[in-house]
Each structure stands twice: as C-alpha cells, then as structure tokens.
$ cat protein-v8.pdb   # PDB, C-alpha atoms, pLDDT in the B column
ATOM      1  CA  ASP A 318     157.671 175.425-102.004  1.00 82.00           C
ATOM      2  CA  SER A 319     159.143 172.072-100.953  1.00 87.00           C
ATOM      3  CA  GLY A 320     162.696 172.870-102.062  1.00 93.00           C
ATOM      4  CA  VAL A 321     162.651 170.068-104.656  1.00 96.00           C
ATOM      5  CA  THR A 322     162.948 171.285-108.232  1.00 97.00           C
ATOM      6  CA  GLN A 323     162.020 169.468-111.415  1.00 98.00           C
ATOM      7  CA  THR A 324     162.597 170.344-115.046  1.00 97.00           C
ATOM      8  CA  PRO A 325     160.992 170.641-117.460  1.00 97.00           C
ATOM      9  CA  LYS A 326     157.489 171.473-116.234  1.00 96.00           C
ATOM     10  CA  HIS A 327     155.856 170.263-119.419  1.00 96.00           C
ATOM     11  CA  LEU A 328     157.065 167.957-122.164  1.00 97.00           C
ATOM     12  CA  ILE A 329     155.308 166.990-125.382  1.00 97.00           C
ATOM     13  CA  THR A 330     156.844 164.298-127.528  1.00 97.00           C
ATOM     14  CA  ALA A 331     155.975 161.523-129.958  1.00 97.00           C
ATOM     15  CA  THR A 332     155.703 157.767-129.579  1.00 97.00           C
ATOM     16  CA  GLY A 333     159.003 155.966-129.861  1.00 97.00           C
ATOM     17  CA  GLN A 334     161.006 158.932-128.610  1.00 97.00           C
ATOM     18  CA  ARG A 335     163.246 159.225-125.562  1.00 98.00           C
ATOM     19  CA  VAL A 336     163.107 161.942-122.898  1.00 98.00           C
ATOM     20  CA  THR A 337     165.037 162.847-119.766  1.00 98.00           C
ATOM     21  CA  LEU A 338     163.452 164.338-116.673  1.00 98.00           C
ATOM     22  CA  ARG A 339     165.618 166.093-114.117  1.00 98.00           C
ATOM     23  CA  CYS A 340     165.272 166.486-110.370  1.00 98.00           C
ATOM     24  CA  SER A 341     167.261 168.442-107.795  1.00 98.00           C
ATOM     25  CA  PRO A 342     166.580 167.352-104.212  1.00 97.00           C
ATOM     26  CA  ARG A 343     166.341 169.604-101.179  1.00 95.00           C
ATOM     27  CA  SER A 344     169.682 170.721 -99.811  1.00 94.00           C
ATOM     28  CA  GLY A 345     171.034 167.986 -97.539  1.00 91.00           C
ATOM     29  CA  ASP A 346     168.681 165.246 -98.736  1.00 94.00           C
ATOM     30  CA  LEU A 347     170.438 162.081 -99.845  1.00 93.00           C
ATOM     31  CA  SER A 348     167.446 160.095-101.126  1.00 93.00           C
ATOM     32  CA  VAL A 349     165.608 160.729-104.349  1.00 95.00           C
ATOM     33  CA  TYR A 350     162.422 158.957-105.395  1.00 95.00           C
ATOM     34  CA  TRP A 351     160.579 158.914-108.705  1.00 97.00           C
ATOM     35  CA  TYR A 352     156.827 158.480-109.095  1.00 96.00           C
ATOM     36  CA  GLN A 353     154.363 158.298-111.953  1.00 96.00           C
ATOM     37  CA  GLN A 354     150.836 159.617-111.481  1.00 94.00           C
ATOM     38  CA  SER A 355     148.040 158.896-113.904  1.00 90.00           C
ATOM     39  CA  LEU A 356     144.276 159.092-113.538  1.00 82.00           C
ATOM     40  CA  ASP A 357     143.714 155.349-113.766  1.00 81.00           C
ATOM     41  CA  GLN A 358     146.751 154.072-111.832  1.00 81.00           C
ATOM     42  CA  GLY A 359     147.110 156.775-109.204  1.00 86.00           C
ATOM     43  CA  LEU A 360     150.542 157.537-107.748  1.00 90.00           C
ATOM     44  CA  GLN A 361     152.993 154.732-108.466  1.00 92.00           C
ATOM     45  CA  PHE A 362     156.425 154.451-106.888  1.00 91.00           C
ATOM     46  CA  LEU A 363     159.053 153.839-109.561  1.00 94.00           C
ATOM     47  CA  ILE A 364     162.518 153.855-108.012  1.00 94.00           C
ATOM     48  CA  GLN A 365     164.626 155.220-105.154  1.00 92.00           C
ATOM     49  CA  TYR A 366     168.260 156.286-105.057  1.00 93.00           C
ATOM     50  CA  TYR A 367     170.253 156.937-101.918  1.00 91.00           C
ATOM     51  CA  ASN A 368     173.546 158.799-102.146  1.00 92.00           C
ATOM     52  CA  GLY A 369     174.142 157.666-105.711  1.00 94.00           C
ATOM     53  CA  GLU A 370     173.120 154.041-105.287  1.00 93.00           C
ATOM     54  CA  GLU A 371     169.868 152.384-106.302  1.00 92.00           C
ATOM     55  CA  ARG A 372     168.062 151.445-103.093  1.00 89.00           C
ATOM     56  CA  ALA A 373     164.594 150.244-104.020  1.00 88.00           C
ATOM     57  CA  LYS A 374     162.589 149.506-107.118  1.00 89.00           C
ATOM     58  CA  GLY A 375     158.868 149.742-107.567  1.00 88.00           C
ATOM     59  CA  ASN A 376     156.756 149.454-110.680  1.00 84.00           C
ATOM     60  CA  ILE A 377     159.383 150.729-113.073  1.00 93.00           C
ATOM     61  CA  LEU A 378     159.273 149.511-116.659  1.00 95.00           C
ATOM     62  CA  GLU A 379     162.410 148.190-118.349  1.00 96.00           C
ATOM     63  CA  ARG A 380     162.132 151.073-120.859  1.00 97.00           C
ATOM     64  CA  PHE A 381     162.669 153.474-117.958  1.00 97.00           C
ATOM     65  CA  SER A 382     165.922 154.036-116.110  1.00 97.00           C
ATOM     66  CA  ALA A 383     167.232 156.483-113.571  1.00 97.00           C
ATOM     67  CA  GLN A 384     170.464 157.567-111.988  1.00 97.00           C
ATOM     68  CA  GLN A 385     171.664 159.842-109.214  1.00 97.00           C
ATOM     69  CA  PHE A 386     174.796 161.871-109.779  1.00 97.00           C
ATOM     70  CA  PRO A 387     177.572 162.829-107.317  1.00 96.00           C
ATOM     71  CA  ASP A 388     175.940 166.231-106.754  1.00 95.00           C
ATOM     72  CA  LEU A 389     172.790 164.241-105.793  1.00 96.00           C
ATOM     73  CA  HIS A 390     170.591 165.449-108.611  1.00 97.00           C
ATOM     74  CA  SER A 391     168.763 162.698-110.432  1.00 98.00           C
ATOM     75  CA  GLU A 392     167.542 161.994-113.921  1.00 98.00           C
ATOM     76  CA  LEU A 393     164.763 159.710-115.093  1.00 98.00           C
ATOM     77  CA  ASN A 394     165.128 158.464-118.650  1.00 98.00           C
ATOM     78  CA  LEU A 395     162.065 157.260-120.509  1.00 98.00           C
ATOM     79  CA  SER A 396     162.623 155.540-123.853  1.00 97.00           C
ATOM     80  CA  SER A 397     160.527 153.978-126.620  1.00 97.00           C
ATOM     81  CA  LEU A 398     157.689 156.111-125.353  1.00 97.00           C
ATOM     82  CA  GLU A 399     154.110 154.901-125.692  1.00 97.00           C
ATOM     83  CA  LEU A 400     150.819 156.773-125.457  1.00 96.00           C
ATOM     84  CA  GLY A 401     150.235 155.176-122.066  1.00 94.00           C
ATOM     85  CA  ASP A 402     153.367 156.811-120.646  1.00 96.00           C
ATOM     86  CA  SER A 403     151.571 160.154-120.662  1.00 96.00           C
ATOM     87  CA  ALA A 404     151.372 161.116-117.000  1.00 96.00           C
ATOM     88  CA  LEU A 405     152.682 163.378-114.279  1.00 96.00           C
ATOM     89  CA  TYR A 406     156.138 162.391-113.091  1.00 97.00           C
ATOM     90  CA  PHE A 407     157.098 163.459-109.604  1.00 97.00           C
ATOM     91  CA  CYS A 408     160.405 163.450-107.870  1.00 97.00           C
ATOM     92  CA  ALA A 409     160.632 163.461-104.082  1.00 95.00           C
ATOM     93  CA  SER A 410     163.544 163.663-101.696  1.00 95.00           C
ATOM     94  CA  SER A 411     164.245 162.863 -98.084  1.00 90.00           C
ATOM     95  CA  VAL A 412     167.181 163.036 -95.725  1.00 86.00           C
ATOM     96  CA  GLY A 413     167.226 159.264 -95.457  1.00 75.00           C
ATOM     97  CA  THR A 414     163.911 158.241 -93.932  1.00 65.00           C
ATOM     98  CA  GLU A 415     161.436 157.119 -96.521  1.00 65.00           C
ATOM     99  CA  GLU A 416     158.429 158.378 -94.624  1.00 67.00           C
ATOM    100  CA  THR A 417     159.217 162.087 -94.669  1.00 81.00           C
ATOM    101  CA  GLN A 418     159.410 162.732 -98.365  1.00 88.00           C
ATOM    102  CA  TYR A 419     159.139 166.149 -99.980  1.00 91.00           C
ATOM    103  CA  PHE A 420     157.690 166.229-103.468  1.00 94.00           C
ATOM    104  CA  GLY A 421     158.623 168.457-106.358  1.00 96.00           C
ATOM    105  CA  PRO A 422     156.083 170.199-108.607  1.00 95.00           C
ATOM    106  CA  GLY A 423     156.197 167.442-111.226  1.00 96.00           C
ATOM    107  CA  THR A 424     156.800 167.149-114.957  1.00 97.00           C
ATOM    108  CA  ARG A 425     153.724 166.701-117.130  1.00 96.00           C
ATOM    109  CA  LEU A 426     154.563 164.393-120.036  1.00 97.00           C
ATOM    110  CA  LEU A 427     152.301 164.095-123.045  1.00 97.00           C
ATOM    111  CA  VAL A 428     153.096 161.450-125.650  1.00 97.00           C
ATOM    112  CA  LEU A 429     151.311 161.959-128.956  1.00 96.00           C
TER
ATOM    113  CA  GLN B 774     141.870 142.561-103.817  1.00 69.00           C
ATOM    114  CA  LYS B 775     143.909 145.731-104.207  1.00 79.00           C
ATOM    115  CA  GLU B 776     146.687 146.215-101.709  1.00 89.00           C
ATOM    116  CA  VAL B 777     145.386 149.648-100.680  1.00 93.00           C
ATOM    117  CA  GLU B 778     141.780 150.759-101.153  1.00 94.00           C
ATOM    118  CA  GLN B 779     140.642 154.348-100.859  1.00 94.00           C
ATOM    119  CA  ASP B 780     137.229 155.747-101.730  1.00 87.00           C
ATOM    120  CA  PRO B 781     137.841 158.312-104.494  1.00 86.00           C
ATOM    121  CA  GLY B 782     134.847 160.428-103.488  1.00 87.00           C
ATOM    122  CA  PRO B 783     134.237 163.162-104.340  1.00 93.00           C
ATOM    123  CA  LEU B 784     133.411 164.313-100.832  1.00 95.00           C
ATOM    124  CA  SER B 785     131.737 167.695-100.362  1.00 97.00           C
ATOM    125  CA  VAL B 786     131.230 169.215 -96.900  1.00 97.00           C
ATOM    126  CA  PRO B 787     130.296 172.633 -95.489  1.00 97.00           C
ATOM    127  CA  GLU B 788     132.934 174.776 -93.816  1.00 97.00           C
ATOM    128  CA  GLY B 789     133.422 173.827 -90.174  1.00 97.00           C
ATOM    129  CA  ALA B 790     132.439 170.181 -90.651  1.00 97.00           C
ATOM    130  CA  ILE B 791     134.461 167.250 -89.362  1.00 97.00           C
ATOM    131  CA  VAL B 792     135.852 165.251 -92.259  1.00 97.00           C
ATOM    132  CA  SER B 793     136.692 161.574 -92.077  1.00 97.00           C
ATOM    133  CA  LEU B 794     138.911 160.006 -94.737  1.00 97.00           C
ATOM    134  CA  ASN B 795     139.721 156.312 -94.749  1.00 96.00           C
ATOM    135  CA  CYS B 796     141.835 153.606 -96.339  1.00 97.00           C
ATOM    136  CA  THR B 797     141.915 149.864 -95.974  1.00 96.00           C
ATOM    137  CA  TYR B 798     144.814 147.616 -96.851  1.00 95.00           C
ATOM    138  CA  SER B 799     145.533 143.940 -97.209  1.00 94.00           C
ATOM    139  CA  ASN B 800     149.283 143.619 -96.586  1.00 90.00           C
ATOM    140  CA  SER B 801     149.932 143.098 -92.886  1.00 90.00           C
ATOM    141  CA  ALA B 802     153.644 143.866 -93.378  1.00 89.00           C
ATOM    142  CA  PHE B 803     152.989 147.602 -93.694  1.00 91.00           C
ATOM    143  CA  GLN B 804     154.604 149.472 -90.798  1.00 89.00           C
ATOM    144  CA  TYR B 805     154.434 153.159 -91.686  1.00 90.00           C
ATOM    145  CA  PHE B 806     151.242 154.958 -92.570  1.00 94.00           C
ATOM    146  CA  MET B 807     151.124 158.381 -94.165  1.00 93.00           C
ATOM    147  CA  TRP B 808     148.618 160.938 -95.342  1.00 96.00           C
ATOM    148  CA  TYR B 809     149.443 163.342 -98.145  1.00 95.00           C
ATOM    149  CA  ARG B 810     147.484 166.347 -99.396  1.00 96.00           C
ATOM    150  CA  GLN B 811     147.669 167.241-103.064  1.00 95.00           C
ATOM    151  CA  TYR B 812     146.322 170.474-104.466  1.00 94.00           C
ATOM    152  CA  SER B 813     145.395 170.580-108.134  1.00 89.00           C
ATOM    153  CA  ARG B 814     148.479 170.612-110.380  1.00 85.00           C
ATOM    154  CA  LYS B 815     150.854 170.426-107.405  1.00 90.00           C
ATOM    155  CA  GLY B 816     153.013 167.733-105.870  1.00 92.00           C
ATOM    156  CA  PRO B 817     151.765 165.785-102.826  1.00 93.00           C
ATOM    157  CA  GLU B 818     152.569 167.301 -99.440  1.00 93.00           C
ATOM    158  CA  LEU B 819     153.113 165.105 -96.395  1.00 91.00           C
ATOM    159  CA  LEU B 820     150.537 165.857 -93.703  1.00 93.00           C
ATOM    160  CA  MET B 821     151.132 163.157 -91.143  1.00 91.00           C
ATOM    161  CA  TYR B 822     152.798 159.818 -90.640  1.00 87.00           C
ATOM    162  CA  THR B 823     152.423 157.206 -87.947  1.00 89.00           C
ATOM    163  CA  TYR B 824     154.269 154.045 -87.088  1.00 85.00           C
ATOM    164  CA  SER B 825     152.201 150.986 -86.196  1.00 79.00           C
ATOM    165  CA  SER B 826     148.826 151.351 -84.472  1.00 82.00           C
ATOM    166  CA  GLY B 827     147.550 154.336 -82.562  1.00 86.00           C
ATOM    167  CA  ASN B 828     146.558 157.959 -82.904  1.00 91.00           C
ATOM    168  CA  LYS B 829     148.547 161.032 -83.788  1.00 93.00           C
ATOM    169  CA  GLU B 830     147.287 164.593 -83.620  1.00 95.00           C
ATOM    170  CA  ASP B 831     148.630 167.723 -85.295  1.00 94.00           C
ATOM    171  CA  GLY B 832     146.477 170.805 -85.017  1.00 96.00           C
ATOM    172  CA  ARG B 833     143.167 170.147 -86.754  1.00 97.00           C
ATOM    173  CA  PHE B 834     144.372 166.813 -88.139  1.00 97.00           C
ATOM    174  CA  THR B 835     144.230 163.423 -86.411  1.00 97.00           C
ATOM    175  CA  ALA B 836     145.544 160.209 -87.931  1.00 96.00           C
ATOM    176  CA  GLN B 837     144.424 156.825 -86.650  1.00 96.00           C
ATOM    177  CA  VAL B 838     145.834 153.412 -87.459  1.00 95.00           C
ATOM    178  CA  ASP B 839     144.130 150.140 -86.562  1.00 94.00           C
ATOM    179  CA  LYS B 840     146.456 147.378 -87.690  1.00 92.00           C
ATOM    180  CA  SER B 841     144.146 144.635 -86.413  1.00 92.00           C
ATOM    181  CA  SER B 842     141.451 145.827 -88.824  1.00 93.00           C
ATOM    182  CA  LYS B 843     143.927 147.006 -91.496  1.00 94.00           C
ATOM    183  CA  TYR B 844     142.201 150.375 -91.486  1.00 95.00           C
ATOM    184  CA  ILE B 845     143.578 153.898 -91.305  1.00 96.00           C
ATOM    185  CA  SER B 846     141.768 157.205 -90.977  1.00 96.00           C
ATOM    186  CA  LEU B 847     142.432 160.906 -91.202  1.00 97.00           C
ATOM    187  CA  PHE B 848     140.106 163.295 -89.391  1.00 97.00           C
ATOM    188  CA  ILE B 849     140.003 166.996 -90.169  1.00 97.00           C
ATOM    189  CA  ARG B 850     138.279 169.188 -87.570  1.00 97.00           C
ATOM    190  CA  ASP B 851     136.797 172.612 -88.317  1.00 97.00           C
ATOM    191  CA  SER B 852     137.372 172.086 -92.037  1.00 97.00           C
ATOM    192  CA  GLN B 853     138.275 175.149 -94.109  1.00 97.00           C
ATOM    193  CA  PRO B 854     137.894 175.908 -97.826  1.00 97.00           C
ATOM    194  CA  SER B 855     141.700 175.795 -98.000  1.00 96.00           C
ATOM    195  CA  ASP B 856     141.478 172.083 -97.080  1.00 97.00           C
ATOM    196  CA  SER B 857     139.888 171.410-100.480  1.00 97.00           C
ATOM    197  CA  ALA B 858     142.314 169.020-102.157  1.00 97.00           C
ATOM    198  CA  THR B 859     142.919 165.367-102.915  1.00 96.00           C
ATOM    199  CA  TYR B 860     144.030 163.343 -99.900  1.00 97.00           C
ATOM    200  CA  LEU B 861     146.232 160.326-100.490  1.00 96.00           C
ATOM    201  CA  CYS B 862     146.933 157.601 -97.988  1.00 96.00           C
ATOM    202  CA  ALA B 863     150.241 155.760 -98.270  1.00 93.00           C
ATOM    203  CA  MET B 864     151.843 152.896 -96.438  1.00 91.00           C
ATOM    204  CA  SER B 865     155.227 151.257 -96.478  1.00 88.00           C
ATOM    205  CA  TYR B 866     157.476 148.636 -95.013  1.00 85.00           C
ATOM    206  CA  SER B 867     161.198 148.157 -95.213  1.00 78.00           C
ATOM    207  CA  GLY B 868     163.565 145.457 -94.111  1.00 72.00           C
ATOM    208  CA  GLY B 869     167.025 144.757 -95.441  1.00 67.00           C
ATOM    209  CA  SER B 870     166.904 145.297 -99.178  1.00 65.00           C
ATOM    210  CA  ASN B 871     163.119 145.084 -99.282  1.00 71.00           C
ATOM    211  CA  TYR B 872     161.149 148.287 -99.472  1.00 76.00           C
ATOM    212  CA  LYS B 873     157.580 148.750-100.581  1.00 81.00           C
ATOM    213  CA  LEU B 874     155.576 151.925-100.706  1.00 85.00           C
ATOM    214  CA  THR B 875     152.004 151.962-101.945  1.00 90.00           C
ATOM    215  CA  PHE B 876     149.612 154.882-102.318  1.00 92.00           C
ATOM    216  CA  GLY B 877     145.838 154.903-102.360  1.00 93.00           C
ATOM    217  CA  LYS B 878     144.253 156.556-105.381  1.00 92.00           C
ATOM    218  CA  GLY B 879     143.154 159.553-103.346  1.00 94.00           C
ATOM    219  CA  THR B 880     139.904 161.111-102.126  1.00 95.00           C
ATOM    220  CA  LEU B 881     138.857 164.447-103.606  1.00 95.00           C
ATOM    221  CA  LEU B 882     137.565 166.743-100.864  1.00 97.00           C
ATOM    222  CA  THR B 883     135.719 170.020-101.368  1.00 97.00           C
ATOM    223  CA  VAL B 884     134.957 172.264 -98.385  1.00 97.00           C
ATOM    224  CA  ASN B 885     132.251 174.773 -99.268  1.00 96.00           C
ATOM    225  CA  PRO B 886     132.248 178.227 -97.600  1.00 95.00           C
TER
END

$ encode --input "protein-v8.pdb" --output "structure tokens"
Amino acid sequence: DSGVTQTPKHLITATGQRVTLRCSPRSGDLSVYWYQQSLDQGLQFLIQYYNGEERAKGNILERFSAQQFPDLHSELNLSSLELGDSALYFCASSVGTEETQYFGPGTRLLVL
Amino acid sequence: QKEVEQDPGPLSVPEGAIVSLNCTYSNSAFQYFMWYRQYSRKGPELLMYTYSSGNKEDGRFTAQVDKSSKYISLFIRDSQPSDSATYLCAMSYSGGSNYKLTFGKGTLLTVNP
C-alpha cells in the first residue's frame, strides 16, 4: 500500500458525459501527478500540481482539467468523454521531488 | 523516432536467472532515470532511480545509465517468481518551468518456478 488513495476504483459512463476522479496523496506529500494508461499509448503524464498550484503539464487534453485543493487532495475532471478516453487513470504523489513518486491503485474508466 | 523505446517482450525466464531489461531514448536533456515495477491491476511502484550516468545497486537490482549511448538497463539477479510483472523505464528533466517525464511502454516479465 503506497498511501495514495483514489476513488472510485471503477467507473462506467457514456460518451459525452463528464466524470470526476479523486486522489488523496500520502500524508506530507505536496505534489500530485495524474497519469493515463492505455494499452496502445502506455503510461502518459497528464499534469502535476504542487501545493495547490499547477506546476507542469504533459499530454493533457483540453477536455480534461484538474485542481488541487487546500487539503492537498486533487480531482481530475474529464468532460465530453469519448470511447478513446477509456483507460486506467493513476494519481501519484511525492514530497516535492518528481523522481520519487508513489502511485495510487488507479481508477478504471470505461466509456461506452 | 519515439522519445523512449522499450521492448514490450514478453520475456520468460526460469527462476534464478539474471534478467536484463533495457530502454533507449533520443532526448539528451533527460537527467533522471527511473525503473518502475507494475503488477497486474496495480499502480506502478518505484524500484530505482539514478541521476546522470553510472550504476546503482539495491539488493538484487542494478540500474545502469549510459548517457553517451542513450541507453539504460535494469538487471535483476537471482530472479524470483514474485518478480513477474511489467517493468517500466521512465526518464525526466526539469529546469525552471520546464518539466518533462516520459515512460517506456513496459516489458512484461514472467519468472517461472
């Protein structure tokens, strides 16, 4: 158990819908990262927040957005969902050094 | 050319074998090199990270980075069935407001008892 929690574990929704994924980092960690993992694309870095502020952006679509709240938990919002958004979404956290990241168990999203 | 290339395998070895996993990359700006292990239906777990070129050892695991060849390796000695997982290489650089982190697609390893 890494100490990072993610909810929900599974999510099934329809195209065009909007969903919110939630992540609670390890106690004391200030950075939160979001990743998407699919069979064809592998693990893709989406976005990083540090202490409430956006710090780095990766391959995040404009339909996706994230935020980190004062209690340091983070949410990833996915809107206008498409079939191709079906994937595993991971959250990771670190104290502040990008290299030592601890991953949560993931949320499996299925868009029908 | 992809920024990070990793042979997806699958790789199957007998218990006790030495396993060699490799990645090549094209971006010379990468500074940090990591190896993650991911069990089926679980999140990736950081195994090792190194900065710049050189070797790093941790128990049965050794990570090597050759920046001149843009090649990184992970060696697993005395492999165990519990090592069966997907191994992901990752590399990153950061400077000012720039940060880039890229993962390989992973190599599926099976260690047979």

$ closest_atom_pairs --input "protein-v8.pdb" --of "chain B" --to "chain A" --cutoff "8 Å" --atoms "only C-alpha atoms" --output "tab-separated table"
residue	atom	partner	partner_atom	distance
B:Tyr805	CA	A:Glu416	CA	7.2
B:Met807	CA	A:Glu416	CA	7.3
B:Arg814	CA	A:Pro422	CA	7.8
B:Lys815	CA	A:Pro422	CA	5.4
B:Gly816	CA	A:Pro422	CA	4.8
B:Pro817	CA	A:Phe420	CA	6.0
B:Glu818	CA	A:Phe420	CA	6.6
B:Leu819	CA	A:Gln418	CA	7.0
B:Tyr822	CA	A:Glu416	CA	7.0
B:Ser870	CA	A:Ala373	CA	7.3
B:Asn871	CA	A:Ala373	CA	7.2
B:Tyr872	CA	A:Ala373	CA	6.0
B:Lys873	CA	A:Gly375	CA	7.2
B:Leu874	CA	A:Phe362	CA	6.7
B:Thr875	CA	A:Phe362	CA	7.1
B:Phe876	CA	A:Leu360	CA	6.1
B:Gly877	CA	A:Gly359	CA	7.2
B:Lys878	CA	A:Gly359	CA	4.8
B:Gly879	CA	A:Gly359	CA	7.6

$ resolve_selection --input "protein-v8.pdb" --expression "the PyMOL selection byres ((chain A and resi 396) around 6)" --output "ChimeraX atom specification"
/A:335,380,395,397-398

$ closest_residue --input "protein-v8.pdb" --among "B:Met864, B:Ser855, B:Leu820, B:Phe848" --to "B:Ile791" --atoms "only C-alpha atoms"
B:Phe848

$ closest_residue --input "protein-v8.pdb" --among "A:Ile329, A:Ile364, A:Ala383, A:Leu389" --to "A:Tyr350" --atoms "all atoms listed in the file"
A:Ile364

$ closest_residue --input "protein-v8.pdb" --among "A:Gln353, A:Leu426, A:Leu393, A:Gln385" --to "A:Leu338" --atoms "only C-alpha atoms"
A:Leu393

$ residues_around --input "protein-v8.pdb" --residues "A:Phe386" --least-positions-apart "3" --cutoff "10 Å" --atoms "all atoms listed in the file" --output "VMD selection string"
chain A and resid 366 368 to 370 389 to 392

$ residues_near_point --input "protein-v8.pdb" --point "(152.0, 145.1, -97.9)" --cutoff "9 Å" --atoms "all atoms listed in the file" --output "PyMOL selection string"
chain B and resi 776-777+798-804+864-866+873-875

$ atom_distance --input "protein-v8.pdb" --atom1 "atom CA of A:Asn394" --atom2 "atom CA of B:Ala863"
25.4 Å

$ closest_residue --input "protein-v8.pdb" --among "A:Pro387, A:Ser410, A:Ser403, A:Val428" --to "A:Ser341" --atoms "all atoms listed in the file"
A:Ser410

$ atom_distance --input "protein-v8.pdb" --atom1 "atom CA of B:Arg850" --atom2 "atom CA of B:Asn795"
14.8 Å

$ atom_distance --input "protein-v8.pdb" --atom1 "atom CA of B:Arg810" --atom2 "atom CA of B:Thr835"
13.7 Å

$ residues_around --input "protein-v8.pdb" --residues "A:Leu400" --least-positions-apart "4" --cutoff "8 Å" --atoms "all atoms listed in the file" --output "MDAnalysis selection string"
chainID A and resid 332 427:429

$ closest_residue --input "protein-v8.pdb" --among "B:Leu794, B:Met821, B:Leu882, B:Val786" --to "B:Ser846" --atoms "only C-alpha atoms"
B:Leu794

$ axis_aligned_box --input "protein-v8.pdb" --around "stretch 358-375 of chain A" --padding-each-side "5 Å" --output "lines of an AutoDock Vina configuration file"
center_x = 160.4
center_y = 154.2
center_z = -106.9
size_x = 37.4
size_y = 19.3
size_z = 19.9

$ resolve_selection --input "protein-v8.pdb" --expression "the PyMOL selection byres ((chain B and resi 881) around 8)" --output "VMD selection string"
chain B and resid 781 to 784 857 to 860 879 to 880 882 to 883

$ residues_around --input "protein-v8.pdb" --residues "A:Gly345" --least-positions-apart "3" --cutoff "9 Å" --atoms "all atoms listed in the file" --output "PyMOL selection string"
chain A and resi 342+411-412
